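*Asks:* Below is the file start-v2.cif, which contains mmCIF, C-alpha atoms.
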data_input
loop_
_atom_site.label_atom_id
_atom_site.label_comp_id
_atom_site.auth_asym_id
_atom_site.auth_seq_id
_atom_site.Cartn_x
_atom_site.Cartn_y
_atom_site.Cartn_z
CA MET A 895 88.89 17.72 3.77
CA TYR A 896 87.64 17.39 7.33
CA GLU A 897 84.52 19.23 8.48
CA GLY A 898 83.63 18.82 12.14
CA GLY A 899 85.36 15.44 12.29
CA ALA A 900 83.47 14.06 9.24
CA VAL A 901 85.03 13.12 5.91
CA SER A 902 83.86 15.36 3.05
CA ASP A 903 82.37 14.05 -0.21
CA GLU A 904 85.57 15.06 -2.01
CA GLY A 905 87.61 13.02 0.48
CA LEU A 906 85.40 9.94 -0.03
CA ALA A 907 85.61 10.29 -3.80
CA GLY A 908 89.39 10.54 -3.57
CA ALA A 909 89.58 7.44 -1.36
CA GLU A 910 87.40 5.50 -3.82
CA LEU A 911 89.60 6.55 -6.74
CA LEU A 912 92.72 5.51 -4.82
CA LEU A 913 91.20 2.11 -3.96
CA ARG A 914 90.11 1.62 -7.57
CA SER A 915 93.59 2.42 -8.89
CA GLN A 916 95.11 0.01 -6.33
CA GLU A 917 92.67 -2.71 -7.45
CA GLU A 918 93.69 -2.19 -11.06
CA GLU A 919 97.36 -2.54 -10.12
CA THR A 920 96.86 -5.54 -7.81
CA PHE A 921 94.30 -8.25 -8.49
CA TYR A 922 92.72 -9.77 -5.39
CA GLY A 923 90.72 -12.95 -5.79
CA PRO A 924 91.26 -16.46 -7.16
CA GLU A 925 94.72 -17.03 -8.60
CA PHE A 926 93.24 -19.30 -11.29
CA VAL A 927 91.07 -16.40 -12.51
CA LYS A 928 93.93 -13.89 -12.62
CA MET A 929 96.42 -16.21 -14.32
CA THR A 930 94.14 -17.16 -17.22
CA SER A 931 94.66 -13.65 -18.59
CA GLU A 932 98.45 -13.88 -18.25
CA PRO A 933 100.50 -14.59 -21.41
CA CYS A 934 101.37 -18.19 -22.18
CA VAL A 935 104.85 -19.35 -21.03
CA SER A 936 106.86 -21.12 -23.74
CA LEU A 937 109.19 -23.96 -22.75
CA THR A 938 111.23 -26.51 -24.68
CA VAL A 939 111.54 -30.07 -23.43
CA PRO A 940 115.30 -30.74 -23.73
CA SER A 941 116.21 -33.91 -25.59
CA SER A 942 118.69 -34.68 -22.78
CA ILE A 943 115.85 -35.80 -20.49
CA MET A 944 114.66 -38.21 -23.18
CA LYS A 945 116.90 -41.21 -22.61
CA ARG A 946 116.00 -42.92 -25.84
CA GLY A 947 118.90 -42.19 -28.14
CA LYS A 948 119.09 -39.50 -30.77
CA ALA A 949 116.55 -36.70 -30.58
CA ASP A 950 113.87 -36.57 -33.25
CA GLU A 951 114.06 -33.48 -35.41
CA VAL A 952 110.27 -33.44 -35.80
CA GLN A 953 108.78 -31.29 -33.05
CA ARG A 954 105.25 -30.43 -31.95
CA LYS A 955 103.64 -28.20 -29.33
CA VAL A 956 101.72 -29.35 -26.27
CA GLY A 957 99.66 -27.00 -24.13
CA VAL A 958 99.58 -27.57 -20.35
CA VAL A 959 97.21 -25.75 -18.00
CA LEU A 960 98.54 -25.49 -14.44
CA LEU A 961 96.34 -25.48 -11.35
CA SER A 962 97.10 -21.77 -11.01
CA GLY A 963 95.43 -21.17 -14.37
CA GLN A 964 98.79 -20.35 -15.98
CA ARG A 965 99.16 -21.80 -19.47
CA LEU A 966 102.37 -23.38 -20.72
CA GLU A 967 103.29 -24.21 -24.29
CA LEU A 968 105.90 -26.96 -24.50
CA THR A 969 107.83 -27.76 -27.65
CA CYS A 970 108.94 -31.39 -27.69
CA ASP A 971 110.07 -34.18 -29.99
CA LEU A 972 107.33 -36.15 -31.68
CA LYS A 973 108.61 -39.36 -30.06
CA ALA A 974 108.41 -37.91 -26.52
CA VAL A 975 106.41 -39.71 -23.83
CA CYS A 976 104.02 -38.13 -21.34
CA LYS A 977 106.59 -38.39 -18.55
CA ASP A 978 108.92 -36.05 -20.47
CA VAL A 979 106.25 -33.36 -20.41
CA LEU A 980 105.30 -34.06 -16.78
CA ASP A 981 108.95 -33.84 -15.64
CA MET A 982 109.29 -30.47 -17.36
CA VAL A 983 106.08 -29.17 -15.76
CA VAL A 984 107.08 -30.47 -12.30
CA ALA A 985 110.46 -28.72 -12.59
CA HIS A 986 108.82 -25.48 -13.76
CA VAL A 987 106.30 -25.43 -10.88
CA GLY A 988 108.86 -26.63 -8.32
CA LEU A 989 106.96 -29.67 -7.04
CA VAL A 990 108.77 -31.97 -4.64
CA GLU A 991 105.89 -34.38 -3.91
CA HIS A 992 105.39 -34.93 -7.62
CA HIS A 993 104.18 -38.52 -7.12
CA LEU A 994 100.80 -37.05 -6.09
CA PHE A 995 100.31 -35.37 -9.48
CA GLY A 996 99.58 -36.38 -13.04
CA LEU A 997 98.70 -34.98 -16.43
CA ALA A 998 95.16 -35.40 -17.68
CA TYR A 999 93.13 -34.58 -20.75
CA LEU A 1000 89.55 -33.35 -20.67
CA LYS A 1001 86.86 -35.35 -22.47
CA ASP A 1002 83.14 -34.56 -22.10
CA ASN A 1003 83.96 -32.53 -18.97
CA GLU A 1004 85.72 -35.48 -17.31
CA PHE A 1005 89.46 -35.68 -16.59
CA PHE A 1006 91.37 -38.76 -17.76
CA PHE A 1007 94.95 -39.22 -16.50
CA VAL A 1008 97.50 -40.21 -19.11
CA ASP A 1009 99.93 -43.08 -18.58
CA SER A 1010 103.33 -41.48 -17.95
CA ASP A 1011 105.03 -44.07 -20.18
CA ALA A 1012 102.62 -43.58 -23.09
CA LYS A 1013 103.87 -41.80 -26.20
CA LEU A 1014 102.32 -38.38 -26.73
CA THR A 1015 101.19 -39.52 -30.16
CA LYS A 1016 99.07 -42.24 -28.52
CA VAL A 1017 97.07 -39.80 -26.37
CA ALA A 1018 97.08 -36.75 -28.67
CA PRO A 1019 94.00 -35.91 -30.77
CA ASP A 1020 93.84 -37.09 -34.37
CA GLY A 1021 95.86 -34.95 -36.73
CA TRP A 1022 98.19 -33.50 -34.05
CA LYS A 1023 101.26 -35.39 -35.24
CA GLU A 1024 100.76 -34.53 -38.91
CA GLU A 1025 103.04 -31.98 -40.53
CA PRO A 1026 101.68 -28.41 -40.25
CA LYS A 1027 101.66 -28.10 -44.06
CA LYS A 1028 99.33 -31.10 -44.40
CA LYS A 1029 96.86 -29.81 -41.79
CA LYS A 1030 94.02 -27.51 -42.75
CA SER A 1031 94.30 -25.89 -39.32
CA ASP A 1032 96.23 -26.37 -36.08
CA VAL A 1033 95.09 -29.33 -33.97
CA PRO A 1034 95.47 -28.22 -30.33
CA PHE A 1035 96.65 -30.75 -27.77
CA ASN A 1036 96.02 -29.59 -24.21
CA LEU A 1037 96.81 -31.39 -20.98
CA PHE A 1038 96.05 -30.35 -17.40
CA LEU A 1039 98.22 -30.71 -14.32
CA ARG A 1040 95.95 -32.38 -11.74
CA ILE A 1041 96.20 -34.07 -8.34
CA LYS A 1042 95.82 -37.79 -8.91
CA PHE A 1043 96.35 -38.96 -5.33
CA PHE A 1044 94.75 -37.25 -2.34
CA LEU A 1045 96.15 -37.83 1.13
CA ASP A 1046 93.46 -38.82 3.66
CA ASP A 1047 94.94 -36.35 6.14
CA VAL A 1048 96.17 -33.11 4.57
CA SER A 1049 98.34 -32.51 7.66
CA ASN A 1050 100.66 -35.17 6.19
CA ILE A 1051 101.46 -33.00 3.16
CA GLN A 1052 105.15 -32.19 3.55
CA HIS A 1053 105.70 -29.16 1.32
CA VAL A 1054 104.10 -25.72 1.16
CA MET A 1055 103.90 -25.82 -2.64
CA THR A 1056 101.96 -29.11 -2.54
CA LYS A 1057 99.49 -27.64 -0.03
CA HIS A 1058 99.02 -24.64 -2.32
CA GLN A 1059 98.35 -26.91 -5.33
CA TYR A 1060 95.81 -28.90 -3.28
CA TYR A 1061 94.17 -25.61 -2.31
CA LEU A 1062 93.97 -24.40 -5.91
CA GLN A 1063 92.42 -27.62 -7.21
CA LEU A 1064 89.91 -28.08 -4.39
CA ARG A 1065 89.03 -24.39 -4.52
CA LYS A 1066 88.22 -24.55 -8.23
CA ASP A 1067 86.62 -28.01 -8.12
CA ILE A 1068 84.15 -26.77 -5.50
CA LEU A 1069 83.31 -23.71 -7.62
CA GLU A 1070 82.82 -25.88 -10.72
CA GLU A 1071 80.83 -28.46 -8.69
CA ARG A 1072 83.27 -31.25 -9.47
CA MET A 1073 83.21 -31.61 -5.70
CA ARG A 1074 79.88 -30.89 -4.04
CA CYS A 1075 79.32 -29.54 -0.56
CA ASP A 1076 76.38 -28.26 1.48
CA THR A 1077 75.60 -24.56 1.79
CA GLU A 1078 77.03 -24.12 5.30
CA ASN A 1079 80.37 -25.73 4.45
CA ALA A 1080 80.43 -23.73 1.21
CA MET A 1081 80.11 -20.52 3.26
CA VAL A 1082 82.92 -21.56 5.62
CA LEU A 1083 85.18 -22.44 2.68
CA ALA A 1084 84.33 -19.15 0.93
CA SER A 1085 85.27 -17.15 4.04
CA LEU A 1086 88.58 -19.03 4.38
CA ALA A 1087 89.29 -18.38 0.69
CA LEU A 1088 88.62 -14.66 1.25
CA GLN A 1089 91.14 -14.63 4.11
CA ALA A 1090 93.71 -16.50 2.00
CA GLU A 1091 93.24 -14.23 -1.02
CA PHE A 1092 92.45 -10.79 0.49
CA SER A 1093 94.24 -11.13 3.84
CA ASP A 1094 92.64 -9.42 6.88
CA TYR A 1095 89.21 -7.90 6.38
CA GLN A 1096 89.15 -4.14 6.94
CA ALA A 1097 85.69 -2.59 6.72
CA GLU A 1098 86.93 0.87 5.74
CA LEU A 1099 89.05 -0.56 2.92
CA HIS A 1100 87.01 -3.50 1.69
CA GLY A 1101 83.39 -2.55 2.39
CA LYS A 1102 80.99 -5.30 1.25
CA THR A 1103 81.55 -5.35 -2.50
CA TYR A 1104 85.23 -6.26 -2.58
CA PHE A 1105 84.68 -9.73 -4.07
CA ARG A 1106 82.53 -11.37 -6.73
CA LEU A 1107 80.12 -13.96 -5.35
CA GLU A 1108 80.61 -16.29 -8.33
CA HIS A 1109 84.34 -16.45 -7.47
CA TYR A 1110 83.55 -17.86 -4.01
CA LEU A 1111 80.28 -19.83 -4.24
CA SER A 1112 79.15 -22.33 -6.87
CA VAL A 1113 76.08 -21.74 -9.05
CA CYS A 1114 74.29 -24.54 -7.19
CA VAL A 1115 74.79 -22.80 -3.82
CA LEU A 1116 73.97 -19.34 -5.20
CA ASP A 1117 70.65 -20.69 -6.50
CA LYS A 1118 69.71 -21.83 -2.98
CA VAL A 1119 70.56 -18.67 -1.03
CA GLU A 1120 69.43 -15.06 -0.81
CA GLN A 1121 72.41 -13.39 -2.46
CA SER A 1122 71.98 -10.01 -0.76
CA ALA A 1123 72.06 -11.75 2.64
CA VAL A 1124 75.18 -13.70 1.64
CA LYS A 1125 76.93 -10.46 0.61
CA GLU A 1126 76.28 -9.18 4.13
CA ARG A 1127 77.25 -12.41 5.89
CA LEU A 1128 80.47 -13.39 4.10
CA PRO A 1129 82.45 -10.24 5.09
CA ARG A 1130 81.49 -10.90 8.75
CA MET A 1131 82.67 -14.52 8.44
CA HIS A 1132 85.84 -13.31 6.70
CA SER A 1133 86.56 -10.91 9.58
CA ASN A 1134 86.54 -13.86 12.05
CA TYR A 1135 89.89 -14.98 10.59
CA TYR A 1136 91.63 -11.66 11.23
CA GLY A 1137 95.35 -12.25 11.76
CA VAL A 1138 95.37 -15.74 10.18
CA PRO A 1139 98.23 -15.96 7.61
CA GLU A 1140 97.51 -17.01 4.03
CA SER A 1141 99.18 -20.44 4.44
CA GLU A 1142 97.13 -21.23 7.58
CA ALA A 1143 93.88 -20.14 5.92
CA GLN A 1144 94.67 -22.42 2.98
CA LEU A 1145 95.48 -25.36 5.28
CA GLU A 1146 92.21 -24.84 7.18
CA PHE A 1147 90.43 -24.80 3.80
CA LEU A 1148 91.98 -28.22 3.07
CA LYS A 1149 90.98 -29.60 6.49
CA VAL A 1150 87.34 -28.59 5.97
CA SER A 1151 87.45 -30.03 2.42
CA GLN A 1152 88.85 -33.41 3.51
CA ARG A 1153 85.79 -33.98 5.72
CA LEU A 1154 83.44 -33.74 2.73
CA THR A 1155 82.03 -36.94 1.17
CA GLU A 1156 83.37 -36.16 -2.30
CA TYR A 1157 86.91 -35.21 -1.23
CA GLY A 1158 89.50 -36.83 -3.51
CA VAL A 1159 86.91 -38.65 -5.64
CA HIS A 1160 87.49 -38.97 -9.40
CA PHE A 1161 84.05 -39.05 -11.05
CA HIS A 1162 83.08 -40.78 -14.28
CA ARG A 1163 79.64 -41.30 -15.82
CA VAL A 1164 78.49 -44.89 -16.25
CA LEU A 1165 75.21 -46.59 -17.12
CA PRO A 1166 73.45 -49.19 -14.93
CA GLU A 1167 72.88 -52.65 -16.44
CA LYS A 1168 69.11 -52.10 -16.17
CA ARG A 1169 67.30 -48.92 -17.15
CA SER A 1170 67.13 -46.34 -14.38
CA GLN A 1171 65.35 -43.05 -13.78
CA THR A 1172 68.53 -41.63 -12.28
CA GLY A 1173 71.98 -41.03 -13.70
CA ILE A 1174 74.88 -43.04 -12.30
CA MET A 1175 78.41 -41.88 -11.52
CA LEU A 1176 81.29 -44.09 -10.52
CA GLY A 1177 83.73 -42.45 -8.13
CA VAL A 1178 87.23 -43.80 -7.54
CA TYR A 1179 89.35 -42.59 -4.63
CA SER A 1180 92.12 -43.75 -2.30
CA LYS A 1181 89.79 -45.77 -0.05
CA GLY A 1182 87.80 -47.58 -2.73
CA VAL A 1183 84.94 -47.09 -5.18
CA LEU A 1184 81.67 -45.25 -4.64
CA ILE A 1185 78.54 -45.44 -6.80
CA PHE A 1186 76.42 -42.28 -6.87
CA GLU A 1187 72.88 -41.78 -8.09
CA VAL A 1188 72.34 -38.44 -9.82
CA LEU A 1189 68.89 -36.88 -9.62
CA ASN A 1190 68.04 -33.21 -10.29
CA GLY A 1191 71.75 -32.39 -10.22
CA ASN A 1192 72.24 -33.93 -6.76
CA ARG A 1193 74.69 -36.81 -6.25
CA THR A 1194 73.89 -39.39 -3.54
CA PRO A 1195 76.23 -42.30 -2.67
CA VAL A 1196 74.23 -45.55 -2.87
CA LEU A 1197 76.92 -48.25 -3.03
CA ARG A 1198 80.33 -48.43 -1.40
CA PHE A 1199 83.21 -50.73 -2.28
CA PRO A 1200 86.03 -50.10 0.24
CA TRP A 1201 89.19 -51.94 -0.80
CA ARG A 1202 89.21 -54.21 2.25
CA ASP A 1203 85.62 -55.41 1.55
CA THR A 1204 85.91 -55.67 -2.22
CA LYS A 1205 86.12 -59.20 -3.56
CA LYS A 1206 86.73 -58.41 -7.22
CA ILE A 1207 86.76 -55.63 -9.82
CA SER A 1208 86.84 -56.79 -13.43
CA PHE A 1209 85.77 -55.72 -16.87
CA THR A 1210 84.54 -57.31 -20.07
CA LYS A 1211 84.41 -55.14 -23.17
CA LYS A 1212 82.40 -52.05 -22.12
CA LYS A 1213 81.17 -53.42 -18.77
CA ILE A 1214 82.85 -53.05 -15.38
CA CYS A 1215 81.88 -55.45 -12.58
CA LEU A 1216 82.24 -54.83 -8.83
CA GLN A 1217 81.69 -57.42 -6.07
CA ASN A 1218 81.74 -57.03 -2.29
CA VAL A 1219 83.04 -59.82 -0.03
CA SER A 1220 79.89 -59.71 2.16
CA ASP A 1221 77.23 -60.64 -0.40
CA GLY A 1222 79.17 -61.49 -3.57
CA ILE A 1223 76.52 -59.78 -5.71
CA LYS A 1224 77.84 -58.67 -9.10
CA HIS A 1225 77.13 -55.01 -9.77
CA LEU A 1226 77.54 -54.30 -13.47
CA PHE A 1227 77.93 -50.87 -15.04
CA GLN A 1228 78.39 -49.95 -18.67
CA THR A 1229 80.85 -47.37 -20.01
CA ASP A 1230 80.94 -45.68 -23.41
CA ASN A 1231 83.70 -47.97 -24.74
CA ALA A 1232 86.21 -50.66 -23.79
CA LYS A 1233 89.03 -48.09 -23.53
CA THR A 1234 87.17 -46.17 -20.79
CA CYS A 1235 86.46 -49.44 -18.99
CA GLN A 1236 90.13 -50.39 -19.04
CA TYR A 1237 91.06 -46.89 -17.85
CA LEU A 1238 88.70 -47.14 -14.84
CA LEU A 1239 90.14 -50.52 -13.89
CA GLN A 1240 93.68 -49.07 -14.05
CA LEU A 1241 92.58 -46.04 -12.00
CA CYS A 1242 91.20 -48.42 -9.33
CA SER A 1243 94.49 -50.33 -9.33
CA ASP A 1244 96.56 -47.13 -9.01
CA GLN A 1245 94.43 -45.77 -6.16
CA HIS A 1246 94.51 -49.12 -4.32
CA LYS A 1247 98.30 -49.26 -4.67
CA PHE A 1248 98.57 -45.70 -3.32
CA HIS A 1249 96.30 -46.62 -0.38
CA LEU A 1250 98.55 -49.59 0.51
CA GLN A 1251 101.70 -47.46 0.25
CA MET A 1252 100.24 -44.80 2.55
CA LYS A 1253 99.09 -47.46 5.01
CA ALA A 1254 102.57 -49.07 5.05
CA ARG A 1255 104.17 -45.67 5.60
CA GLN A 1256 101.79 -44.92 8.48
CA ASN A 1257 102.44 -48.32 10.10
CA ASN A 1258 106.19 -47.77 9.75
CA GLN A 1259 105.95 -44.34 11.40
CA GLU A 1260 103.89 -45.76 14.28
CA PHE A 1261 106.42 -48.59 14.70
CA GLN A 1262 109.30 -46.08 14.82
CA GLU A 1263 107.43 -43.93 17.37
CA LEU A 1264 106.85 -46.97 19.58
CA GLY A 1265 110.53 -47.83 19.30
CA THR A 1266 111.51 -44.30 20.29
CA MET A 1267 109.12 -44.38 23.29
CA ALA A 1268 110.47 -47.78 24.39
CA ALA A 1269 114.05 -46.54 24.16
CA ALA A 1270 113.17 -43.41 26.16
CA GLY A 1271 111.40 -45.53 28.81
CA SER A 1272 114.40 -47.84 29.31
CA ALA A 1273 116.87 -44.96 29.52
#
Starting from the coordinates I provided, produce the structure as structure tokens.
*Replies:*
Amino acid sequence: MYEGGAVSDEGLAGAELLLRSQEEETFYGPEFVKMTSEPCVSLTVPSSIMKRGKADEVQRKVGVVLLSGQRLELTCDLKAVCKDVLDMVVAHVGLVEHHLFGLAYLKDNEFFFVDSDAKLTKVAPDGWKEEPKKKKSDVPFNLFLRIKFFLDDVSNIQHVMTKHQYYLQLRKDILEERMRCDTENAMVLASLALQAEFSDYQAELHGKTYFRLEHYLSVCVLDKVEQSAVKERLPRMHSNYYGVPESEAQLEFLKVSQRLTEYGVHFHRVLPEKRSQTGIMLGVYSKGVLIFEVLNGNRTPVLRFPWRDTKKISFTKKKICLQNVSDGIKHLFQTDNAKTCQYLLQLCSDQHKFHLQMKARQNNQEFQELGTMAAAGSA
């Protein structure tokens, strides 16, 4: 095998075969890519968690896609509410900070959170509740586990599992351009993801073709860069995190993400009252509402409505109206229907409530810390 200290061709070929067989046995890369090929997990929502009397004998199936990419198929009573499904999913995943999460359906590539108290039949697609015999074909009903509330400071996340779920969603949202970031930050995030998912970079083991670019950089970023140069650069950036554990790499990923403009923003398309050359997106997040102009695929924030400076948010039919305290100007935007408008108003209310709760918790912690310091000083 060894000739004058050099590895022979046969030795190299053997090493490549070994690495290839190891790769086939163990997938390295995004968890949400690997898990999509895993078989669906079947669960039954027990009638005991439905505190509404006798269980309904009529049952239907609901699909739930987790942030890991794993698919669940839940069998539940027809009279079940969304909270019954969410409770089952939360228990299956093992989420403690479940108040940060919600179930959402996907419509025109936008996520809409379902009201936890709403009956499944109210949010399910037409034909889902009909008897299988009466349906020409199965009507699928799929929901997605999503983060509804983003903490301003990810260091305040209490549980490891919650941090991992944040990582999975932000990781995928950046790839799918639901959350935009500049090229340099995209490269930093990609290198942190490589450390989290491949562990320490080892040149002799990994080489430079150990990952797929499209698993680590969005199409938008890949269109702007010289891909051959990126393939050279990312392994070097990955190697800078040598020795950093997976959990720390994921937390650092979250810290870089939380500094981005679009962190934690829920986007929905709206139309301006007057005709415009640009598209408009309304973004709701824990600190308020942002209005973005969309031109050539780029989103630019043009109006801000932080909660403390917002005079009023209201809606009439399909129109949503936002007013700032400073100028009182009414900014009107049109949605596709009254239901969407009402949903956006409720989303604003939920995010504002969450913001106030987090602020009260922070003030309480600061008050307790001051009390502790005062007690220590008088001792």
*Asks:* Env of range 1053-1064 of chain A: 7 Å cut, atoms = all atoms listed in the file, seq-sep filter 2 positions within chain, self excluded. Answer as an NGL selection string.
*Replies:* :A and (961-962 or 989 or 991 or 1051 or 1066-1068 or 1144 or 1148)
*Asks:* Looking at only C-alpha atoms, which of A:Val1219, A:Leu1184, A:Leu1014, A:Ala1080 is the one that sits closest to Cys1114 in chain A?
*Replies:*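 The shortest atom-to-atom distance to Cys1114 in chain A comes from A:Ala1080.
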*Asks:* Could you list, as JSON, numbers by chain, every residue matched by the PyMOL selection byres ((chain A and resi 1035) around 8) in this structure?
*Replies:* {"A": [955, 956, 957, 1018, 1019, 1022, 1033, 1034, 1036, 1037]}
*Asks:* Just how far from CA of Ser1180 in chain A is CA of Arg1153 in chain A, in Å to one decimal?
*Replies:*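 One can read the CA of Arg1153 in chain A to CA of Ser1180 in chain A distance as 14.1 Å.
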*Asks:* Give me, please, the distance in Å between CA of Lys1181 in chain A and CA of Lys1233 in chain A, quoted to one decimal.
*Replies:*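 About the pair CA of Lys1181 in chain A and CA of Lys1233 in chain A: they are 23.6 Å apart.
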*Asks:* Enter the distance from CA of Asp1230 in chain A to CA of Arg1065 in chain A, in Å, rounded to one decimal.
*Replies:*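 Computing it gives 29.6 Å between the two atoms.
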*Asks:* Evaluate the PyMOL selection byres ((chain A and resi 975) around 12) on the structure here and hand back the selected residues as a tab-separated table (two decimals) with C-alpha atoms, in the frame of the given file.
*Replies:*
chain	number	residue	atom	x	y	z
A	939	VAL	CA	111.54	-30.07	-23.43
A	941	SER	CA	116.21	-33.91	-25.59
A	943	ILE	CA	115.85	-35.80	-20.49
A	944	MET	CA	114.66	-38.21	-23.18
A	945	LYS	CA	116.90	-41.21	-22.61
A	946	ARG	CA	116.00	-42.92	-25.84
A	956	VAL	CA	101.72	-29.35	-26.27
A	970	CYS	CA	108.94	-31.39	-27.69
A	971	ASP	CA	110.07	-34.18	-29.99
A	972	LEU	CA	107.33	-36.15	-31.68
A	973	LYS	CA	108.61	-39.36	-30.06
A	974	ALA	CA	108.41	-37.91	-26.52
A	976	CYS	CA	104.02	-38.13	-21.34
A	977	LYS	CA	106.59	-38.39	-18.55
A	978	ASP	CA	108.92	-36.05	-20.47
A	979	VAL	CA	106.25	-33.36	-20.41
A	980	LEU	CA	105.30	-34.06	-16.78
A	981	ASP	CA	108.95	-33.84	-15.64
A	982	MET	CA	109.29	-30.47	-17.36
A	997	LEU	CA	98.70	-34.98	-16.43
A	1008	VAL	CA	97.50	-40.21	-19.11
A	1009	ASP	CA	99.93	-43.08	-18.58
A	1010	SER	CA	103.33	-41.48	-17.95
A	1011	ASP	CA	105.03	-44.07	-20.18
A	1012	ALA	CA	102.62	-43.58	-23.09
A	1013	LYS	CA	103.87	-41.80	-26.20
A	1014	LEU	CA	102.32	-38.38	-26.73
A	1015	THR	CA	101.19	-39.52	-30.16
A	1016	LYS	CA	99.07	-42.24	-28.52
A	1017	VAL	CA	97.07	-39.80	-26.37
A	1018	ALA	CA	97.08	-36.75	-28.67
*Asks:* Nearest to Gly1182 in chain A among A:Phe1199, A:Phe1044, A:Phe1227, A:Tyr999, with distances taken over only C-alpha atoms: which residue is it?
*Replies:*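 Result for the nearest residue to Gly1182 in chain A: A:Phe1199.
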*Asks:* Name the closest residue to Thr1155 in chain A among the candidates A:Gln1245, A:Gln1240, A:Ser936, A:Asn1079; distances are taken between atoms, counting all atoms listed in the file.
*Replies:* A:Asn1079
*Asks:* Which residues fall under the PyMOL selection byres ((chain A and resi 1197) around 10) in this file, as an NGL selection string?
*Replies:* :A and (1176 or 1183-1187 or 1194-1196 or 1198-1200 or 1225)
*Asks:* Near Glu1004 in chain A, within 7 Å and counting all atoms listed in the file, which residues show up once chain neighbours fewer than 3 positions away are dropped, as a ChimeraX atom specification?
*Replies:* /A:1000-1001,1162
*Asks:* Any idea what's packed within 8 Å of Tyr1135 in chain A, counting all atoms listed in the file, ignoring anything in its chain fewer than 2 positions away? Could you give it as a PyMOL selection string?
*Replies:* chain A and resi 1086+1089+1094+1131-1133+1137-1138
*Asks:* Missing atoms in range 1210-1214 of chain A: can you complete it with all heavy atoms, as a compact mmCIF listing (two decimals), in the coordinates of the input?
*Replies:*
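Listed below is the output, selection_35.txt:
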# COMPACT_ATOMS: atom_id res chain seq x y z
N THR A 1210 84.69 -56.58 -18.82
CA THR A 1210 84.54 -57.31 -20.07
C THR A 1210 83.99 -56.35 -21.11
O THR A 1210 82.89 -55.82 -20.94
CB THR A 1210 83.56 -58.49 -19.91
OG1 THR A 1210 83.94 -59.26 -18.78
CG2 THR A 1210 83.56 -59.37 -21.16
N LYS A 1211 84.80 -56.10 -22.13
CA LYS A 1211 84.41 -55.14 -23.17
C LYS A 1211 84.07 -53.79 -22.55
O LYS A 1211 84.91 -53.13 -21.99
CB LYS A 1211 83.27 -55.69 -24.02
CG LYS A 1211 83.68 -56.92 -24.83
CD LYS A 1211 82.54 -57.44 -25.68
CE LYS A 1211 83.01 -58.67 -26.47
NZ LYS A 1211 81.91 -59.23 -27.28
N LYS A 1212 82.79 -53.38 -22.62
CA LYS A 1212 82.40 -52.05 -22.12
C LYS A 1212 81.85 -52.10 -20.70
O LYS A 1212 81.45 -51.07 -20.15
CB LYS A 1212 81.35 -51.42 -23.04
CG LYS A 1212 81.87 -51.10 -24.43
CD LYS A 1212 80.97 -50.12 -25.16
CE LYS A 1212 79.62 -50.72 -25.49
NZ LYS A 1212 78.77 -49.78 -26.27
N LYS A 1213 81.78 -53.28 -20.08
CA LYS A 1213 81.17 -53.42 -18.77
C LYS A 1213 82.20 -53.61 -17.66
O LYS A 1213 83.14 -54.40 -17.80
CB LYS A 1213 80.17 -54.58 -18.76
CG LYS A 1213 78.91 -54.31 -19.58
CD LYS A 1213 77.94 -55.46 -19.49
CE LYS A 1213 76.67 -55.16 -20.30
NZ LYS A 1213 75.73 -56.30 -20.27
N ILE A 1214 81.99 -52.90 -16.56
CA ILE A 1214 82.85 -53.05 -15.38
C ILE A 1214 82.01 -53.70 -14.28
O ILE A 1214 80.83 -53.38 -14.10
CB ILE A 1214 83.44 -51.70 -14.92
CG1 ILE A 1214 84.49 -51.92 -13.82
CG2 ILE A 1214 82.36 -50.72 -14.45
CD1 ILE A 1214 85.40 -50.72 -13.59
